[in-house]
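Report on the structure given below.
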Amino acid sequence: ADIFLSGTPVEASGELDLHQRCPQLKTYLLFHDLDLKILKQWLNSPAVFGGNVSKAGIDWNSCGNSVREHIASMQLESGIKHLELRYSDQQPPLEFDSIRSVSSWTESGRASIAGEIRGESWTAELTHGDIESIISGADWPITISAQSPGSNAEINGTATLGEDQPQIEINIRIDIDRMGRLQWIGVDPESQLPLTVSSRLKTGSDALLADNLDVRLGQSDINGRLDWSGLDDSPQANIRLRSGNLNVTELIGLFPESTQTPIERKESPGKPPELALVKHWLSYPSADIDLEINELSGFDYAVQDVRLQGKLHDYLIEDGRLELQVGKTAFEGSVSMDFRESPGRVRFQTQLDDVNIGRVLSELGLVD
């Protein structure tokens with residue numbers, strides 16, 4: 001039979017073979033040249049979704065003498081061939097060469113994906129629990145392994161579909177040989193800094209917890225935890241981070257300098273569409289930040305024992321406290337930071353008593 005879905009023709013077929021000892025049921029749906037503008041209607045979103053699916057299909061196979069037996073023996077297979085997803089007509093699409101998945105009532109499911117992001121090919125394999133465990137609210141295992149040239153990501157843990165919201169507890173590890181591969185999020189494509197990230201992530205009961213966080217980027221390192229309780233009400237998050245060394249020169253060099261205003265950056269056709277998607281769907285909470293850094297490197301002078309405390313809201317830190325030691329001189333005072341534009345702005349106010357100004361200027365390299 002031919003049916004239409006938002007104007008798109010869909011082939012549908014069903015067959016029940018009663019001549020078998022275990023009556024077999026086979027059904028399938030097949031889509032051709034599906035226009036993804038329908039996502040805008042389904043999601044009721046002002047975003048300009050677009051793209052195309054060359055071919056997509058869903059197959060159901062089962063056998064039994066009752067509905068219960070057919071469900072218990074079901075095997076559901078789906079596949080997509082050549083998917084292009086666009087956030088706007090001016091941006092390069094996210095491309096998926098193929099997506100295939102197999103699920104059943106009593107056996108673990110699996111899926112495979114192959115695609116391309118801004119010229120970088122990648123593949124991913126996923127396994128998850130059986131359908132019975134998933135819909136019954138039981139814990140089920142989940143693993144994801146993704147690879148691209150020079151990059152690897154591994155995720156493993158458990159998930160549960162609770163009554164109110166899903167609960168997930170997973171371990172994550174990401175390895176990238178050079179940050180330039182992440183040019184699709186705005187990183188300088190020439191950056192050679194390696195990145196390693198690992199953490200344990202737990203969500204559920206209106207909370208998000210990321211602990212055992214360990215990040216290594218070039219010569220910089222940082223570890224700590226993020227605790228965000230009450231996701232639905234968007235309360236304040238608590239972020240505690242510690243670093244042995246942060247190389248400021250390396251970090252600043254990750255992103256090319258820009259003199260554009262926020263409006264110009266928003267309208268720029270070269271802006272990565274993935275960032276636009278993230279900012280459209282994700283709302284960042286206010287955050288109570290406590291950051292300690294043993295050494296801040298990349299300067300011509302020694303900066304040590306740095307501690308920043310403050311509240312971050314809408315890319316702003318106001319009425320924060322900053323402590324640091326430059327050479328032999330300790331500074332302590334109020335700080336404000338504004339990251340709504342690029343480059344960001346920092347204002348630091350401090351008071352020095354009984355200090356040798358000549359020595360301080362010399363340690364900063366401002367005088368001989």
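Labels used: A, B, ... for chains in the order of the structure tokens, numbers from 1 for residues in each chain, and numbers from 1 for ligands as shown.
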
Enumerate, in order of chain and increasing residue number, the residues of range 174-246 of chain A with an atom no farther than 12 Å from range 139-162 of chain A, each with its shortest atom pair and distance in Å to one decimal, counting only C-alpha atoms, as CSV.
residue,atom,partner,partner_atom,distance
A:Ile174,CA,A:Ala153,CA,4.4
A:Asp175,CA,A:Asn152,CA,5.3
A:Ile176,CA,A:Ser151,CA,4.4
A:Asp177,CA,A:Gly150,CA,5.3
A:Arg178,CA,A:Gly150,CA,7.5
A:Met179,CA,A:Ser151,CA,9.7
A:Gly180,CA,A:Gly150,CA,10.6
A:Arg181,CA,A:Gly150,CA,8.2
A:Leu182,CA,A:Ser151,CA,10.0
A:Gln192,CA,A:Gly150,CA,11.5
A:Pro194,CA,A:Gly150,CA,9.8
A:Leu195,CA,A:Ser151,CA,9.4
A:Thr196,CA,A:Asn152,CA,9.7
A:Val197,CA,A:Ala153,CA,9.3
A:Ser198,CA,A:Glu154,CA,9.5
A:Ser199,CA,A:Ile155,CA,9.9
A:Arg200,CA,A:Gly157,CA,9.3
A:Leu201,CA,A:Gly157,CA,9.3
A:Lys202,CA,A:Ala159,CA,9.6
A:Thr203,CA,A:Ala159,CA,9.4
A:Gly204,CA,A:Gly162,CA,8.4
A:Ser205,CA,A:Gly162,CA,9.0
A:Asp206,CA,A:Gly162,CA,11.5

Take the residues just selected and output them with N, CA and C atoms as a PDB file, in the first residue's frame.
ATOM      1  N   ILE A 174      37.333  10.438  26.194  1.00  0.00           N
ATOM      2  CA  ILE A 174      37.506  10.991  24.852  1.00  0.00           C
ATOM      3  C   ILE A 174      38.985  11.276  24.628  1.00  0.00           C
ATOM      4  N   ASP A 175      39.517  10.819  23.511  1.00  0.00           N
ATOM      5  CA  ASP A 175      40.909  11.082  23.136  1.00  0.00           C
ATOM      6  C   ASP A 175      40.943  11.675  21.733  1.00  0.00           C
ATOM      7  N   ILE A 176      41.612  12.817  21.589  1.00  0.00           N
ATOM      8  CA  ILE A 176      41.756  13.483  20.289  1.00  0.00           C
ATOM      9  C   ILE A 176      43.229  13.842  20.109  1.00  0.00           C
ATOM     10  N   ASP A 177      43.810  13.437  18.996  1.00  0.00           N
ATOM     11  CA  ASP A 177      45.251  13.651  18.821  1.00  0.00           C
ATOM     12  C   ASP A 177      45.601  15.116  18.607  1.00  0.00           C
ATOM     13  N   ARG A 178      44.692  15.904  18.034  1.00  0.00           N
ATOM     14  CA  ARG A 178      44.932  17.345  17.888  1.00  0.00           C
ATOM     15  C   ARG A 178      43.591  18.068  17.839  1.00  0.00           C
ATOM     16  N   MET A 179      43.522  19.208  18.519  1.00  0.00           N
ATOM     17  CA  MET A 179      42.269  19.946  18.636  1.00  0.00           C
ATOM     18  C   MET A 179      41.780  20.516  17.312  1.00  0.00           C
ATOM     19  N   GLY A 180      42.679  20.679  16.347  1.00  0.00           N
ATOM     20  CA  GLY A 180      42.276  21.214  15.045  1.00  0.00           C
ATOM     21  C   GLY A 180      41.198  20.386  14.371  1.00  0.00           C
ATOM     22  N   ARG A 181      41.054  19.121  14.779  1.00  0.00           N
ATOM     23  CA  ARG A 181      39.998  18.274  14.212  1.00  0.00           C
ATOM     24  C   ARG A 181      38.606  18.750  14.632  1.00  0.00           C
ATOM     25  N   LEU A 182      38.532  19.591  15.665  1.00  0.00           N
ATOM     26  CA  LEU A 182      37.250  20.107  16.144  1.00  0.00           C
ATOM     27  C   LEU A 182      36.941  21.481  15.573  1.00  0.00           C
ATOM     28  N   GLN A 192      47.444  21.985  17.167  1.00  0.00           N
ATOM     29  CA  GLN A 192      48.046  20.656  17.311  1.00  0.00           C
ATOM     30  C   GLN A 192      47.933  20.121  18.739  1.00  0.00           C
ATOM     31  N   PRO A 194      46.881  18.070  21.848  1.00  0.00           N
ATOM     32  CA  PRO A 194      46.119  16.843  22.099  1.00  0.00           C
ATOM     33  C   PRO A 194      45.149  17.053  23.264  1.00  0.00           C
ATOM     34  N   LEU A 195      44.045  16.307  23.251  1.00  0.00           N
ATOM     35  CA  LEU A 195      43.028  16.426  24.293  1.00  0.00           C
ATOM     36  C   LEU A 195      42.636  15.043  24.800  1.00  0.00           C
ATOM     37  N   THR A 196      42.563  14.910  26.120  1.00  0.00           N
ATOM     38  CA  THR A 196      42.024  13.715  26.765  1.00  0.00           C
ATOM     39  C   THR A 196      41.039  14.147  27.835  1.00  0.00           C
ATOM     40  N   VAL A 197      39.843  13.574  27.813  1.00  0.00           N
ATOM     41  CA  VAL A 197      38.806  13.898  28.793  1.00  0.00           C
ATOM     42  C   VAL A 197      38.235  12.601  29.347  1.00  0.00           C
ATOM     43  N   SER A 198      38.105  12.518  30.646  1.00  0.00           N
ATOM     44  CA  SER A 198      37.422  11.378  31.259  1.00  0.00           C
ATOM     45  C   SER A 198      36.588  11.879  32.432  1.00  0.00           C
ATOM     46  N   SER A 199      35.456  11.211  32.663  1.00  0.00           N
ATOM     47  CA  SER A 199      34.575  11.620  33.749  1.00  0.00           C
ATOM     48  C   SER A 199      33.542  10.541  33.999  1.00  0.00           C
ATOM     49  N   ARG A 200      32.910  10.617  35.152  1.00  0.00           N
ATOM     50  CA  ARG A 200      31.745   9.794  35.456  1.00  0.00           C
ATOM     51  C   ARG A 200      30.541  10.729  35.491  1.00  0.00           C
ATOM     52  N   LEU A 201      29.517  10.393  34.744  1.00  0.00           N
ATOM     53  CA  LEU A 201      28.343  11.249  34.600  1.00  0.00           C
ATOM     54  C   LEU A 201      27.120  10.531  35.133  1.00  0.00           C
ATOM     55  N   LYS A 202      26.336  11.241  35.939  1.00  0.00           N
ATOM     56  CA  LYS A 202      25.122  10.666  36.505  1.00  0.00           C
ATOM     57  C   LYS A 202      23.991  11.676  36.396  1.00  0.00           C
ATOM     58  N   THR A 203      22.869  11.253  35.813  1.00  0.00           N
ATOM     59  CA  THR A 203      21.700  12.117  35.705  1.00  0.00           C
ATOM     60  C   THR A 203      20.486  11.380  36.257  1.00  0.00           C
ATOM     61  N   GLY A 204      19.486  12.177  36.638  1.00  0.00           N
ATOM     62  CA  GLY A 204      18.260  11.599  37.167  1.00  0.00           C
ATOM     63  C   GLY A 204      17.803  12.359  38.385  1.00  0.00           C
ATOM     64  N   SER A 205      16.514  12.216  38.731  1.00  0.00           N
ATOM     65  CA  SER A 205      15.936  12.907  39.888  1.00  0.00           C
ATOM     66  C   SER A 205      16.220  14.398  39.824  1.00  0.00           C
ATOM     67  N   ASP A 206      16.038  14.973  38.634  1.00  0.00           N
ATOM     68  CA  ASP A 206      16.229  16.413  38.437  1.00  0.00           C
ATOM     69  C   ASP A 206      17.631  16.866  38.814  1.00  0.00           C
TER      70      ASP A 206
END

Mind checking which residues fall within 6 Å of Asp221 in chain A, counting only C-alpha atoms, ignoring those fewer than 3 positions away in the same chain, and posting them as a PDB file with C-alpha atoms, in the first residue's frame?
ATOM      1  CA  VAL A 215      40.932  17.016  31.375  1.00  0.00           C
ATOM      2  CA  ARG A 216      44.364  17.158  29.735  1.00  0.00           C
ATOM      3  CA  SER A 243      44.517  22.630  38.084  1.00  0.00           C
ATOM      4  CA  ASN A 245      48.938  24.167  35.369  1.00  0.00           C
TER       5      ASN A 245
END

Handout entry: Per-residue DSSP, range 43-122 of chain A, filtered to strand (DSSP E), as an MDAnalysis selection string
Key = chainID A and resid 50:63 75:86 94:104 109:117 120:122

What parts of range 68-209 of chain A does DSSP call helix (DSSP H, G or I)? I'd like the answer as a PDB file with N, CA and C atoms, in the first residue's frame.
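Listing of selection_36.pdb after writing:
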ATOM      1  N   ARG A  68       0.734 -11.452  22.632  1.00  0.00           N
ATOM      2  CA  ARG A  68       1.826 -11.535  23.597  1.00  0.00           C
ATOM      3  C   ARG A  68       3.015 -12.308  23.016  1.00  0.00           C
ATOM      4  N   GLU A  69       2.764 -13.400  22.328  1.00  0.00           N
ATOM      5  CA  GLU A  69       3.848 -14.192  21.746  1.00  0.00           C
ATOM      6  C   GLU A  69       4.536 -13.437  20.618  1.00  0.00           C
ATOM      7  N   HIS A  70       3.757 -12.677  19.843  1.00  0.00           N
ATOM      8  CA  HIS A  70       4.375 -11.895  18.764  1.00  0.00           C
ATOM      9  C   HIS A  70       5.287 -10.812  19.342  1.00  0.00           C
ATOM     10  N   ILE A  71       4.847 -10.176  20.420  1.00  0.00           N
ATOM     11  CA  ILE A  71       5.688  -9.143  21.043  1.00  0.00           C
ATOM     12  C   ILE A  71       6.951  -9.773  21.617  1.00  0.00           C
ATOM     13  N   ALA A  72       6.810 -10.936  22.264  1.00  0.00           N
ATOM     14  CA  ALA A  72       7.964 -11.582  22.889  1.00  0.00           C
ATOM     15  C   ALA A  72       8.987 -12.058  21.870  1.00  0.00           C
ATOM     16  N   ILE A 131      14.193  -4.535  24.780  1.00  0.00           N
ATOM     17  CA  ILE A 131      13.028  -3.667  24.867  1.00  0.00           C
ATOM     18  C   ILE A 131      12.230  -3.933  26.143  1.00  0.00           C
ATOM     19  N   GLU A 132      12.134  -5.190  26.555  1.00  0.00           N
ATOM     20  CA  GLU A 132      11.378  -5.511  27.771  1.00  0.00           C
ATOM     21  C   GLU A 132      11.969  -4.812  28.987  1.00  0.00           C
ATOM     22  N   SER A 133      13.299  -4.841  29.123  1.00  0.00           N
ATOM     23  CA  SER A 133      13.951  -4.179  30.256  1.00  0.00           C
ATOM     24  C   SER A 133      13.771  -2.670  30.193  1.00  0.00           C
ATOM     25  N   ILE A 134      13.868  -2.122  28.992  1.00  0.00           N
ATOM     26  CA  ILE A 134      13.778  -0.678  28.835  1.00  0.00           C
ATOM     27  C   ILE A 134      12.410  -0.157  29.265  1.00  0.00           C
ATOM     28  N   ILE A 135      11.332  -0.777  28.765  1.00  0.00           N
ATOM     29  CA  ILE A 135      10.005  -0.241  29.055  1.00  0.00           C
ATOM     30  C   ILE A 135       9.494  -0.638  30.432  1.00  0.00           C
ATOM     31  N   SER A 136      10.120  -1.658  31.070  1.00  0.00           N
ATOM     32  CA  SER A 136       9.679  -2.078  32.397  1.00  0.00           C
ATOM     33  C   SER A 136      10.286  -1.245  33.515  1.00  0.00           C
ATOM     34  N   MET A 179      43.522  19.208  18.519  1.00  0.00           N
ATOM     35  CA  MET A 179      42.269  19.946  18.636  1.00  0.00           C
ATOM     36  C   MET A 179      41.780  20.516  17.312  1.00  0.00           C
ATOM     37  N   GLY A 180      42.679  20.679  16.347  1.00  0.00           N
ATOM     38  CA  GLY A 180      42.276  21.214  15.045  1.00  0.00           C
ATOM     39  C   GLY A 180      41.198  20.386  14.371  1.00  0.00           C
ATOM     40  N   ARG A 181      41.054  19.121  14.779  1.00  0.00           N
ATOM     41  CA  ARG A 181      39.998  18.274  14.212  1.00  0.00           C
ATOM     42  C   ARG A 181      38.606  18.750  14.632  1.00  0.00           C
ATOM     43  N   LEU A 182      38.532  19.591  15.665  1.00  0.00           N
ATOM     44  CA  LEU A 182      37.250  20.107  16.144  1.00  0.00           C
ATOM     45  C   LEU A 182      36.941  21.481  15.573  1.00  0.00           C
ATOM     46  N   GLN A 183      37.393  21.732  14.350  1.00  0.00           N
ATOM     47  CA  GLN A 183      37.140  23.037  13.750  1.00  0.00           C
ATOM     48  C   GLN A 183      35.648  23.315  13.613  1.00  0.00           C
ATOM     49  N   TRP A 184      34.813  22.250  13.603  1.00  0.00           N
ATOM     50  CA  TRP A 184      33.371  22.436  13.464  1.00  0.00           C
ATOM     51  C   TRP A 184      32.734  23.063  14.700  1.00  0.00           C
ATOM     52  N   ILE A 185      33.481  23.189  15.818  1.00  0.00           N
ATOM     53  CA  ILE A 185      32.968  23.936  16.961  1.00  0.00           C
ATOM     54  C   ILE A 185      33.715  25.256  17.136  1.00  0.00           C
TER      55      ILE A 185
END
